[in-house]
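Reviewing the structure listed below.
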Amino acid sequence: MPPTDRRKRGCDIYRFDKVKPVHCLEYSGYVLDKITNEPIVEASLEMSNTTDELVYILRTNENRYYNAVLPCNKDNKLVFYKGSHSKETVDISTGEAVDEPSTDNMIYLTPFESLVEKDGDIEKIKVDPIYFDYDKSDITTRAELELEKVLFAMREFPAIKIKIESHTDSRGTDIFNLELSDDRAKSTRMYLIAQGIDIDRIESANGYGEYRLKNDCAG
């Protein structure tokens, strides 16, 4: 029987591979009403990754608090929403290493009712009267400021569709005022489209001249 080679004892080699983490960031905070600054009850959070693969949907808890756990090495998209409010999107990229928790992240959603007002059964976006220069239909700087409110509402709530109406006072002939107001309505529509609003979201753009007088100042 050959002698045992004692030099070969204890030469087994063990290799340990470090397991890479699956989740790299805990992201949490509150979803608040932008007008009242109060936490929103049961606001939802939808999280997806780079390929728009839905990861999960969660809601704020009884304390109006959300807590999301983000996967590693991903471009994560977090969409916060509530039926009667606007949506807010947060993009967060993670690496391979685990980061410190990111807490107290405040997300503000705009309530729909703060942007519209009732006129009978019709809902209108809240804007001050939009005035044009005398006998002109060009969008003025003053008009642009008011139309920003319309743009904001339509961007925040993509389901909104609008009708544009233009009116004049009673100066000038009926036909001239009708054509002028219609030109102003069409000019307003083109301005909104130029700012990125889909034409299908503007159901009509009509002028009514002095047939629906807003200011009876004949002369």
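Residues are referred to by chain and number: the chain letter is A, B, ... according to the order shown in the structure tokens, the number counts from 1 in that chain, and ligands are numbered separately from 1 in the order shown.
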
- Could you tell me, as a PyMOL selection string, which residues of range 77-181 of chain A DSSP assigns to helix (DSSP H, G or I) when given the backbone? chain A and resi 112-114+141-156+174-181

- Query: If we count only C-alpha atoms, what is near Gly207 in chain A at a cut-off of 7 Å, once residues fewer than 2 positions away on the same chain are taken out, given as a PyMOL selection string?
  - Reply: chain A and resi 165-167+178+181-182+185+209

I need the chosen residues saved as a PDB file, in the first residue's frame, with N, CA and C atoms.
ATOM      1  N   GLU A 165     -64.504  79.786 -28.092  1.00  0.00           N
ATOM      2  CA  GLU A 165     -65.501  80.738 -28.566  1.00  0.00           C
ATOM      3  C   GLU A 165     -64.934  82.152 -28.457  1.00  0.00           C
ATOM      4  N   SER A 166     -65.203  82.959 -29.467  1.00  0.00           N
ATOM      5  CA  SER A 166     -64.735  84.343 -29.453  1.00  0.00           C
ATOM      6  C   SER A 166     -65.917  85.274 -29.694  1.00  0.00           C
ATOM      7  N   HIS A 167     -65.881  86.410 -29.009  1.00  0.00           N
ATOM      8  CA  HIS A 167     -66.973  87.396 -29.097  1.00  0.00           C
ATOM      9  C   HIS A 167     -66.385  88.790 -29.286  1.00  0.00           C
ATOM     10  N   LEU A 178     -68.359  89.411 -36.940  1.00  0.00           N
ATOM     11  CA  LEU A 178     -68.455  87.954 -37.009  1.00  0.00           C
ATOM     12  C   LEU A 178     -67.172  87.366 -37.585  1.00  0.00           C
ATOM     13  N   SER A 181     -64.190  87.916 -35.018  1.00  0.00           N
ATOM     14  CA  SER A 181     -64.217  86.998 -33.873  1.00  0.00           C
ATOM     15  C   SER A 181     -63.869  85.578 -34.295  1.00  0.00           C
ATOM     16  N   ASP A 182     -64.288  85.188 -35.502  1.00  0.00           N
ATOM     17  CA  ASP A 182     -63.958  83.843 -35.977  1.00  0.00           C
ATOM     18  C   ASP A 182     -62.459  83.716 -36.244  1.00  0.00           C
ATOM     19  N   ALA A 185     -60.788  83.224 -32.895  1.00  0.00           N
ATOM     20  CA  ALA A 185     -60.963  81.865 -32.385  1.00  0.00           C
ATOM     21  C   ALA A 185     -60.010  80.900 -33.085  1.00  0.00           C
ATOM     22  N   GLY A 209     -69.108  86.947 -33.109  1.00  0.00           N
ATOM     23  CA  GLY A 209     -69.276  88.379 -33.313  1.00  0.00           C
ATOM     24  C   GLY A 209     -70.007  89.028 -32.164  1.00  0.00           C
TER      25      GLY A 209
END

- For Phe152 in chain A, work out the shell of residues within 12 Å, counting only C-alpha atoms and skipping chain neighbours fewer than 3 positions away, then give it as number ranges by chain. A: 86, 110, 112, 114-116, 125-127, 145-149, 155-158, 160, 192, 195-197

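When CA of Arg64 in chain A is paired with CA of Tyr81 in chain A, their separation reads 13.0 Å.
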
- For CA of Asp91 in chain A and CA of Leu32 in chain A, quote the distance in Å rounded to one decimal.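 It comes out at 18.3 Å.
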
- Message: I want to know what sits within 7 Å of Asp104 in chain A, based on only C-alpha atoms, with residues of the same chain fewer than 6 positions away left out; could you give that as a list in words?
- Response: Ser28, Gly29 and Tyr30 of chain A

- Item | DSSP strand (DSSP E or B) residues within range 89-186 of chain A, listed as a list in words | Thr89, Val90, Asp91, Ile92, Ser93, Ser102, Thr103, Asp104, Asn105, Met106, Ile107, Tyr108, Leu109, Pro111, Val116, Glu117, Lys118, Asp119, Ile122, Glu123, Lys124, Ile125, Ile162, Lys163, Ile164, Glu165 and Ser166 of chain A

- Query: Got a sec: who's within 6 Å of Asn49 in chain A, counting only C-alpha atoms, leaving out chain neighbours fewer than 6 positions off, as an MDAnalysis selection string?
  - Reply: chainID A and resid 75:77

- Atom pair CA of Ile202 in chain A / CA of Val90 in chain A: separation (Å): 28.7 Å

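Residue nearest Val79 in chain A within the list A:Ala159, A:Asn63, A:Leu45, A:Asp119: A:Leu45 [criterion: smallest interatomic distance, only C-alpha atoms].
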
Contacts of range 90-121 of chain A with range 68-71 of chain A up to 10 Å, shortest pair per row, only C-alpha atoms, as a tab-separated table:
residue	atom	partner	partner_atom	distance
A:Ile92	CA	A:Leu70	CA	8.7
A:Ser93	CA	A:Leu70	CA	9.0
A:Thr94	CA	A:Pro71	CA	7.3
A:Gly95	CA	A:Pro71	CA	8.9
A:Glu96	CA	A:Pro71	CA	9.1
A:Val98	CA	A:Pro71	CA	9.6
A:Pro101	CA	A:Val69	CA	9.3
A:Ser102	CA	A:Ala68	CA	9.9

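Residue nearest Glu123 in chain A within the list A:Ile139, A:Val150, A:Val41, A:Ile162: A:Ile162 [criterion: smallest interatomic distance, only C-alpha atoms].
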
- Message: Between A:Ile130, A:Ala205, A:Ile35, A:Ile193, which residue has the minimum interatomic distance to Tyr108 in chain A, considering only C-alpha atoms?
- Response: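 For Tyr108 in chain A, the nearest of the given residues is A:Ile35.
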
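Considering only C-alpha atoms, the residue among A:Met190, A:Ala97, A:Met47, A:Ile40 positioned nearest to Thr60 in chain A is A:Ile40.
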
- Query: Which residue, A:Thr141, A:Asn67, A:Arg59, A:Arg189, has the smallest gap to Arg201 in chain A when you use only C-alpha atoms?
  - Reply: A:Arg189

- Restricting the calculation to only C-alpha atoms, which member of A:Asp174, A:Tyr131, A:Lys161, A:Leu109 is positioned closest to Asp33 in chain A?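 Going through A:Asp174, A:Tyr131, A:Lys161, A:Leu109 one by one, the smallest distance to Asp33 in chain A is for A:Leu109.
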